[in-house]
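Heads up, run37.pdb below (PDB, C-alpha atoms):
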```pdb
ATOM      1  CA  MET A 717     -40.201  49.403 -69.424  1.00  0.00           C
ATOM      2  CA  PRO A 718     -43.285  51.423 -68.399  1.00  0.00           C
ATOM      3  CA  GLU A 719     -45.653  52.010 -71.295  1.00  0.00           C
ATOM      4  CA  SER A 720     -45.432  55.819 -71.056  1.00  0.00           C
ATOM      5  CA  VAL A 721     -41.636  55.660 -71.359  1.00  0.00           C
ATOM      6  CA  ARG A 722     -41.851  53.292 -74.324  1.00  0.00           C
ATOM      7  CA  VAL A 723     -44.370  55.578 -76.088  1.00  0.00           C
ATOM      8  CA  PHE A 724     -42.027  58.551 -75.591  1.00  0.00           C
ATOM      9  CA  ASP A 725     -38.991  56.515 -76.704  1.00  0.00           C
ATOM     10  CA  LEU A 726     -40.719  55.275 -79.837  1.00  0.00           C
ATOM     11  CA  ALA A 727     -41.933  58.766 -80.780  1.00  0.00           C
ATOM     12  CA  ILE A 728     -38.372  60.107 -80.600  1.00  0.00           C
ATOM     13  CA  VAL A 729     -36.922  57.199 -82.593  1.00  0.00           C
ATOM     14  CA  GLN A 730     -39.615  57.583 -85.270  1.00  0.00           C
ATOM     15  CA  THR A 731     -39.138  61.351 -85.495  1.00  0.00           C
ATOM     16  CA  LEU A 732     -35.373  61.046 -85.868  1.00  0.00           C
ATOM     17  CA  ALA A 733     -35.704  58.244 -88.432  1.00  0.00           C
ATOM     18  CA  ASP A 734     -37.993  60.448 -90.526  1.00  0.00           C
ATOM     19  CA  SER A 735     -35.566  63.374 -90.478  1.00  0.00           C
ATOM     20  CA  ARG A 736     -32.190  61.677 -91.018  1.00  0.00           C
ATOM     21  CA  SER A 737     -29.623  63.159 -93.365  1.00  0.00           C
ATOM     22  CA  GLU A 738     -26.816  61.213 -95.010  1.00  0.00           C
ATOM     23  CA  PRO A 739     -24.027  63.480 -93.672  1.00  0.00           C
ATOM     24  CA  LEU A 740     -25.251  63.040 -90.080  1.00  0.00           C
ATOM     25  CA  VAL A 741     -25.745  59.299 -90.547  1.00  0.00           C
ATOM     26  CA  SER A 742     -22.135  59.076 -91.751  1.00  0.00           C
ATOM     27  CA  PHE A 743     -20.852  61.237 -88.891  1.00  0.00           C
ATOM     28  CA  PHE A 744     -22.699  59.327 -86.178  1.00  0.00           C
ATOM     29  CA  SER A 745     -21.805  55.967 -87.732  1.00  0.00           C
ATOM     30  CA  VAL A 746     -18.109  56.838 -87.533  1.00  0.00           C
ATOM     31  CA  LEU A 747     -18.529  58.143 -83.979  1.00  0.00           C
ATOM     32  CA  SER A 748     -20.364  54.961 -83.044  1.00  0.00           C
ATOM     33  CA  ALA A 749     -17.541  52.832 -84.473  1.00  0.00           C
ATOM     34  CA  LEU A 750     -15.065  54.812 -82.345  1.00  0.00           C
ATOM     35  CA  GLY A 751     -17.104  53.856 -79.298  1.00  0.00           C
ATOM     36  CA  ASP A 752     -17.479  50.151 -79.954  1.00  0.00           C
ATOM     37  CA  THR A 753     -16.123  47.569 -77.525  1.00  0.00           C
ATOM     38  CA  GLU A 754     -12.815  46.980 -79.286  1.00  0.00           C
ATOM     39  CA  ALA A 755     -12.074  50.695 -79.654  1.00  0.00           C
ATOM     40  CA  MET A 756     -12.888  51.397 -76.002  1.00  0.00           C
ATOM     41  CA  ILE A 757     -10.701  48.493 -74.844  1.00  0.00           C
ATOM     42  CA  ILE A 758      -7.809  49.914 -76.879  1.00  0.00           C
ATOM     43  CA  ALA A 759      -8.430  53.463 -75.589  1.00  0.00           C
ATOM     44  CA  THR A 760      -8.578  52.178 -72.013  1.00  0.00           C
ATOM     45  CA  LEU A 761      -5.391  50.116 -72.347  1.00  0.00           C
ATOM     46  CA  VAL A 762      -3.548  53.044 -73.953  1.00  0.00           C
ATOM     47  CA  GLY A 763      -4.801  55.407 -71.236  1.00  0.00           C
ATOM     48  CA  VAL A 764      -3.903  53.025 -68.416  1.00  0.00           C
ATOM     49  CA  THR A 765      -0.469  52.351 -69.927  1.00  0.00           C
ATOM     50  CA  LEU A 766       0.294  56.063 -70.382  1.00  0.00           C
ATOM     51  CA  LEU A 767      -0.836  56.930 -66.870  1.00  0.00           C
ATOM     52  CA  TYR A 768       1.055  54.031 -65.314  1.00  0.00           C
ATOM     53  CA  SER A 769       4.254  54.666 -67.286  1.00  0.00           C
ATOM     54  CA  GLN A 770       4.228  58.330 -66.219  1.00  0.00           C
ATOM     55  CA  GLY A 771       4.048  57.350 -62.557  1.00  0.00           C
ATOM     56  CA  HIS A 772       0.335  57.978 -62.080  1.00  0.00           C
ATOM     57  CA  LYS A 773      -0.550  54.515 -60.792  1.00  0.00           C
ATOM     58  CA  PRO A 774      -3.616  55.640 -58.819  1.00  0.00           C
ATOM     59  CA  LEU A 775      -5.040  57.312 -61.929  1.00  0.00           C
ATOM     60  CA  ALA A 776      -4.259  54.245 -64.059  1.00  0.00           C
ATOM     61  CA  VAL A 777      -6.076  51.997 -61.598  1.00  0.00           C
ATOM     62  CA  GLY A 778      -8.914  54.524 -61.350  1.00  0.00           C
ATOM     63  CA  LEU A 779      -9.441  54.604 -65.129  1.00  0.00           C
ATOM     64  CA  LEU A 780      -9.369  50.824 -65.313  1.00  0.00           C
ATOM     65  CA  THR A 781     -11.839  50.627 -62.428  1.00  0.00           C
ATOM     66  CA  ALA A 782     -14.179  53.105 -64.115  1.00  0.00           C
ATOM     67  CA  MET A 783     -14.222  51.127 -67.348  1.00  0.00           C
ATOM     68  CA  ILE A 784     -14.606  47.731 -65.666  1.00  0.00           C
ATOM     69  CA  SER A 785     -17.441  49.119 -63.510  1.00  0.00           C
ATOM     70  CA  SER A 786     -19.178  50.539 -66.573  1.00  0.00           C
ATOM     71  CA  THR A 787     -18.864  47.269 -68.485  1.00  0.00           C
ATOM     72  CA  PHE A 788     -19.993  45.135 -65.557  1.00  0.00           C
ATOM     73  CA  LEU A 789     -23.063  47.255 -64.758  1.00  0.00           C
ATOM     74  CA  THR A 790     -24.047  47.597 -68.417  1.00  0.00           C
ATOM     75  CA  VAL A 791     -23.781  43.871 -69.165  1.00  0.00           C
ATOM     76  CA  LEU A 792     -25.564  42.976 -65.925  1.00  0.00           C
ATOM     77  CA  LEU A 793     -28.501  45.229 -66.808  1.00  0.00           C
ATOM     78  CA  LYS A 794     -28.580  44.255 -70.498  1.00  0.00           C
ATOM     79  CA  PHE A 795     -29.013  40.578 -69.645  1.00  0.00           C
ATOM     80  CA  SER A 796     -31.245  41.149 -66.613  1.00  0.00           C
ATOM     81  CA  ILE A 797     -33.700  43.386 -68.451  1.00  0.00           C
ATOM     82  CA  ALA A 798     -33.272  41.934 -71.969  1.00  0.00           C
ATOM     83  CA  GLU A 799     -34.898  44.915 -73.704  1.00  0.00           C
ATOM     84  CA  ALA A 800     -35.140  44.660 -77.481  1.00  0.00           C
ATOM     85  CA  ARG A 801     -33.632  47.366 -79.660  1.00  0.00           C
ATOM     86  CA  PRO A 802     -35.798  49.661 -81.767  1.00  0.00           C
ATOM     87  CA  ASP A 803     -37.374  47.949 -84.768  1.00  0.00           C
ATOM     88  CA  ALA A 804     -35.004  47.519 -87.725  1.00  0.00           C
ATOM     89  CA  LEU A 805     -37.377  49.779 -89.679  1.00  0.00           C
ATOM     90  CA  TYR A 806     -35.967  52.721 -87.670  1.00  0.00           C
ATOM     91  CA  SER A 807     -32.331  51.580 -87.497  1.00  0.00           C
ATOM     92  CA  VAL A 808     -29.531  52.489 -89.869  1.00  0.00           C
ATOM     93  CA  TYR A 809     -28.014  49.064 -89.194  1.00  0.00           C
ATOM     94  CA  VAL A 810     -28.874  46.156 -86.937  1.00  0.00           C
ATOM     95  CA  GLU A 811     -27.075  45.224 -83.731  1.00  0.00           C
ATOM     96  CA  SER A 812     -27.662  41.882 -82.076  1.00  0.00           C
ATOM     97  CA  THR A 813     -27.279  42.748 -78.396  1.00  0.00           C
ATOM     98  CA  TYR A 814     -29.950  44.055 -76.051  1.00  0.00           C
ATOM     99  CA  SER A 815     -30.851  47.719 -76.001  1.00  0.00           C
ATOM    100  CA  PHE A 816     -31.046  48.781 -72.342  1.00  0.00           C
ATOM    101  CA  PRO A 817     -28.737  50.380 -71.266  1.00  0.00           C
ATOM    102  CA  SER A 818     -26.535  51.788 -74.024  1.00  0.00           C
ATOM    103  CA  GLY A 819     -23.039  50.362 -73.670  1.00  0.00           C
ATOM    104  CA  HIS A 820     -21.547  52.921 -76.052  1.00  0.00           C
ATOM    105  CA  THR A 821     -22.987  55.713 -73.921  1.00  0.00           C
ATOM    106  CA  SER A 822     -21.959  54.228 -70.571  1.00  0.00           C
ATOM    107  CA  ALA A 823     -18.401  53.611 -71.791  1.00  0.00           C
ATOM    108  CA  ALA A 824     -18.135  57.129 -73.244  1.00  0.00           C
ATOM    109  CA  PHE A 825     -19.344  58.781 -70.038  1.00  0.00           C
ATOM    110  CA  ALA A 826     -17.113  56.567 -67.864  1.00  0.00           C
ATOM    111  CA  PHE A 827     -13.960  57.109 -69.935  1.00  0.00           C
ATOM    112  CA  PHE A 828     -14.400  60.794 -70.632  1.00  0.00           C
ATOM    113  CA  GLY A 829     -15.815  61.486 -67.172  1.00  0.00           C
ATOM    114  CA  PHE A 830     -12.616  60.106 -65.686  1.00  0.00           C
ATOM    115  CA  LEU A 831     -10.574  62.056 -68.255  1.00  0.00           C
ATOM    116  CA  ALA A 832     -12.349  65.237 -67.116  1.00  0.00           C
ATOM    117  CA  TYR A 833     -11.373  64.427 -63.511  1.00  0.00           C
ATOM    118  CA  ILE A 834      -7.728  64.127 -64.574  1.00  0.00           C
ATOM    119  CA  ALA A 835      -7.900  67.440 -66.441  1.00  0.00           C
ATOM    120  CA  LEU A 836      -9.557  69.204 -63.517  1.00  0.00           C
ATOM    121  CA  THR A 837      -7.113  67.915 -60.933  1.00  0.00           C
ATOM    122  CA  ARG A 838      -3.835  67.606 -62.846  1.00  0.00           C
ATOM    123  CA  GLU A 839      -3.799  70.066 -65.725  1.00  0.00           C
ATOM    124  CA  ARG A 840      -2.820  73.633 -64.892  1.00  0.00           C
ATOM    125  CA  HIS A 841      -2.682  75.032 -68.436  1.00  0.00           C
ATOM    126  CA  GLY A 842      -5.961  76.779 -69.186  1.00  0.00           C
ATOM    127  CA  THR A 843      -6.242  76.064 -72.911  1.00  0.00           C
ATOM    128  CA  LEU A 844      -5.404  72.359 -72.742  1.00  0.00           C
ATOM    129  CA  ARG A 845      -7.507  71.897 -69.632  1.00  0.00           C
ATOM    130  CA  ASN A 846     -10.487  73.637 -71.232  1.00  0.00           C
ATOM    131  CA  PHE A 847     -10.105  71.606 -74.430  1.00  0.00           C
ATOM    132  CA  VAL A 848     -10.020  68.289 -72.552  1.00  0.00           C
ATOM    133  CA  ILE A 849     -13.030  69.243 -70.450  1.00  0.00           C
ATOM    134  CA  ALA A 850     -14.975  70.370 -73.534  1.00  0.00           C
ATOM    135  CA  LEU A 851     -14.101  67.095 -75.277  1.00  0.00           C
ATOM    136  CA  ALA A 852     -15.080  65.144 -72.156  1.00  0.00           C
ATOM    137  CA  ILE A 853     -18.525  66.748 -72.289  1.00  0.00           C
ATOM    138  CA  LEU A 854     -19.073  66.875 -76.049  1.00  0.00           C
ATOM    139  CA  TYR A 855     -17.982  63.351 -77.033  1.00  0.00           C
ATOM    140  CA  PRO A 856     -20.271  61.412 -74.649  1.00  0.00           C
ATOM    141  CA  VAL A 857     -23.236  63.686 -75.376  1.00  0.00           C
ATOM    142  CA  LEU A 858     -22.753  63.248 -79.124  1.00  0.00           C
ATOM    143  CA  MET A 859     -22.347  59.487 -78.632  1.00  0.00           C
ATOM    144  CA  ALA A 860     -25.624  59.312 -76.701  1.00  0.00           C
ATOM    145  CA  PHE A 861     -27.507  61.391 -79.256  1.00  0.00           C
ATOM    146  CA  GLY A 862     -25.938  59.508 -82.156  1.00  0.00           C
ATOM    147  CA  ARG A 863     -27.042  56.132 -80.842  1.00  0.00           C
ATOM    148  CA  VAL A 864     -30.648  57.363 -80.795  1.00  0.00           C
ATOM    149  CA  TYR A 865     -30.260  59.203 -84.114  1.00  0.00           C
ATOM    150  CA  LEU A 866     -29.084  55.991 -85.796  1.00  0.00           C
ATOM    151  CA  GLY A 867     -32.101  54.137 -84.390  1.00  0.00           C
ATOM    152  CA  LEU A 868     -29.938  51.773 -82.354  1.00  0.00           C
ATOM    153  CA  HIS A 869     -31.240  52.853 -78.938  1.00  0.00           C
ATOM    154  CA  TYR A 870     -34.140  54.526 -77.243  1.00  0.00           C
ATOM    155  CA  VAL A 871     -33.699  57.733 -75.230  1.00  0.00           C
ATOM    156  CA  SER A 872     -34.219  55.765 -72.000  1.00  0.00           C
ATOM    157  CA  ASP A 873     -31.302  53.484 -72.990  1.00  0.00           C
ATOM    158  CA  VAL A 874     -28.867  56.369 -73.356  1.00  0.00           C
ATOM    159  CA  ILE A 875     -30.091  58.109 -70.188  1.00  0.00           C
ATOM    160  CA  ALA A 876     -29.394  54.904 -68.272  1.00  0.00           C
ATOM    161  CA  GLY A 877     -26.029  54.599 -70.040  1.00  0.00           C
ATOM    162  CA  CYS A 878     -25.180  58.152 -69.035  1.00  0.00           C
ATOM    163  CA  ALA A 879     -26.038  57.433 -65.399  1.00  0.00           C
ATOM    164  CA  ILE A 880     -24.012  54.206 -65.381  1.00  0.00           C
ATOM    165  CA  GLY A 881     -21.045  55.933 -67.020  1.00  0.00           C
ATOM    166  CA  LEU A 882     -21.044  58.832 -64.581  1.00  0.00           C
ATOM    167  CA  LEU A 883     -21.417  56.466 -61.626  1.00  0.00           C
ATOM    168  CA  SER A 884     -18.550  54.365 -62.961  1.00  0.00           C
ATOM    169  CA  ALA A 885     -16.351  57.434 -63.444  1.00  0.00           C
ATOM    170  CA  ALA A 886     -17.129  58.435 -59.846  1.00  0.00           C
ATOM    171  CA  ILE A 887     -16.152  54.946 -58.640  1.00  0.00           C
ATOM    172  CA  GLY A 888     -12.885  55.299 -60.565  1.00  0.00           C
ATOM    173  CA  VAL A 889     -12.254  58.701 -58.969  1.00  0.00           C
ATOM    174  CA  ILE A 890     -12.874  57.315 -55.485  1.00  0.00           C
ATOM    175  CA  VAL A 891     -10.471  54.434 -56.124  1.00  0.00           C
ATOM    176  CA  ALA A 892      -7.805  56.790 -57.524  1.00  0.00           C
ATOM    177  CA  GLN A 893      -8.165  59.160 -54.571  1.00  0.00           C
ATOM    178  CA  LYS A 894      -8.030  56.323 -52.064  1.00  0.00           C
ATOM    179  CA  LEU A 895      -4.922  54.831 -53.665  1.00  0.00           C
ATOM    180  CA  GLY A 896      -3.327  58.284 -54.026  1.00  0.00           C
ATOM    181  CA  SER A 897      -3.871  59.036 -50.355  1.00  0.00           C
ATOM    182  CA  GLN A 898      -2.139  55.762 -49.481  1.00  0.00           C
ATOM    183  CA  LYS A 899       0.957  56.852 -51.435  1.00  0.00           C
ATOM    184  CA  PHE A 900       0.428  54.086 -54.008  1.00  0.00           C
ATOM    185  CA  ARG A 901       3.356  55.089 -56.237  1.00  0.00           C
ATOM    186  CA  LYS A 902       6.059  53.460 -58.378  1.00  0.00           C
TER     187      LYS A 902
END
```
Can the structure in the file be given as structure tokens, please?
Amino acid sequence: MPESVRVFDLAIVQTLADSRSEPLVSFFSVLSALGDTEAMIIATLVGVTLLYSQGHKPLAVGLLTAMISSTFLTVLLKFSIAEARPDALYSVYVESTYSFPSGHTSAAFAFFGFLAYIALTRERHGTLRNFVIALAILYPVLMAFGRVYLGLHYVSDVIAGCAIGLLSAAIGVIVAQKLGSQKFRK
């Protein structure tokens, strides 16, 4: 990581560590647990199953593609770059995997980015559509901020996670559109 980026990252992590509050630590810890690997696997399998069982095979395959793409790119970069997490002095708890990029953030942006696509293209009811889109924006943004707030990631980690997640959601959309145009149905 370039030194100027690391200086910026460390300043943010230190500032947030110095201004933490117990209610926000609790909130972001719960949110973080909802975004861990096991929870995202369950959410993905439930989403894929629901979409598939309702006859939306292209969307089911698209969601699965988005999440596999996000996982693959995140793991590839984590082990290629092997960036250490912020010092335990700044962390609420310690995680043993590499820091860059944030897997929680990439998975959140991939999953909810694809969910936003479904809402935009399939949902005609204004209130439900608006709620899903708001959730699809709010949840990943809060996840990204929370990972930095808890001292588990640097800002550069979550920015990269955001980019990977959005790219992965776009890959899922392309796959779903391609399969949908080929009449890939029940």
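Here the question is which of A:Ile875, A:Leu761, A:Ile880, A:Leu805 gets nearest to Phe788 of chain A using all atoms listed in the file, and that residue is A:Ile880.
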Practice problem: Find the distance between atom CA of Asp873 of chain A and atom CA of Leu750 of chain A and write it in Å to one decimal. | Solution: 18.8 Å
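Of the residues listed (A:Val723, A:Met783, A:Leu747, A:Val729), A:Met783 shows the shortest atom-to-atom separation from Ile887 of chain A; distances use only C-alpha atoms.
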Quiz item: Between A:Tyr870, A:Tyr855, A:Tyr809, A:Phe795, which has the minimum distance to Thr731 of chain A (counting all atoms listed in the file)?
Solution: A:Tyr870
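Evaluated on this file, the PyMOL selection byres ((chain A and resi 808) around 10) matches Ala733, Arg736, Val741, Ser745, Ala804, Leu805, Tyr806, Ser807, Tyr809, Val810, Glu811, Tyr865, Leu866, Gly867 and Leu868 of chain A.
Checking A:Lys794, A:His841, A:His772, A:Arg863 one by one against Ala824 of chain A, counting only C-alpha atoms, you find the shortest gap at A:Arg863.
Of the listed residues (A:Thr813, A:Phe743, A:Ile784, A:Leu883), A:Ile784 comes nearest to Thr760 of chain A; the distances count all atoms listed in the file.
The nearest approach to His869 of chain A among the residues A:Met717, A:Ile728, A:Ala823, A:Ile834, with all atoms listed in the file taken into account, belongs to A:Ile728.
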Quiz item: How many Å separate atom CA of Ser786 of chain A from atom CA of Ser818 of chain A?
Solution: 10.5 Å
Quiz item: Interatomic distance between atom CA of Thr781 of chain A and atom CA of Gly829 of chain A?
Solution: 12.5 Å
Written as an mmCIF file with C-alpha atoms, keeping the file's coordinate frame, which residues does the PyMOL selection byres ((chain A and resi 816) around 9) give for the file shown?
```
data_model
loop_
_atom_site.group_PDB
_atom_site.id
_atom_site.type_symbol
_atom_site.label_atom_id
_atom_site.label_comp_id
_atom_site.auth_asym_id
_atom_site.auth_seq_id
_atom_site.Cartn_x
_atom_site.Cartn_y
_atom_site.Cartn_z
ATOM 1 C CA THR A 790 -24.047 47.597 -68.417
ATOM 2 C CA LEU A 793 -28.501 45.229 -66.808
ATOM 3 C CA LYS A 794 -28.580 44.255 -70.498
ATOM 4 C CA PHE A 795 -29.013 40.578 -69.645
ATOM 5 C CA ILE A 797 -33.700 43.386 -68.451
ATOM 6 C CA ALA A 798 -33.272 41.934 -71.969
ATOM 7 C CA GLU A 799 -34.898 44.915 -73.704
ATOM 8 C CA ALA A 800 -35.140 44.660 -77.481
ATOM 9 C CA ARG A 801 -33.632 47.366 -79.660
ATOM 10 C CA TYR A 814 -29.950 44.055 -76.051
ATOM 11 C CA SER A 815 -30.851 47.719 -76.001
ATOM 12 C CA PRO A 817 -28.737 50.380 -71.266
ATOM 13 C CA SER A 818 -26.535 51.788 -74.024
ATOM 14 C CA GLY A 819 -23.039 50.362 -73.670
ATOM 15 C CA HIS A 869 -31.240 52.853 -78.938
ATOM 16 C CA TYR A 870 -34.140 54.526 -77.243
ATOM 17 C CA SER A 872 -34.219 55.765 -72.000
ATOM 18 C CA ASP A 873 -31.302 53.484 -72.990
ATOM 19 C CA VAL A 874 -28.867 56.369 -73.356
ATOM 20 C CA ALA A 876 -29.394 54.904 -68.272
ATOM 21 C CA GLY A 877 -26.029 54.599 -70.040
#
```
Exercise. Can you give me, as a VMD selection string, the residues this file yields under the PyMOL selection byres ((chain A and resi 895) around 12)?
Key: chain A and resid 772 to 778 781 888 to 894 896 to 901
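Contact shell of Tyr833 of chain A at 9 Å (only C-alpha atoms; same-chain neighbours under 4 positions omitted): Phe828, Gly829, Thr837, Arg838, Ile849, Ala885 and Val889 of chain A.
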Quiz item: Residues at most 9 Å from Ala835 of chain A, counting all atoms listed in the file, excluding those fewer than 6 positions away in the same chain, as a list in words?
Solution: Leu844, Arg845, Asn846, Val848 and Ile849 of chain A
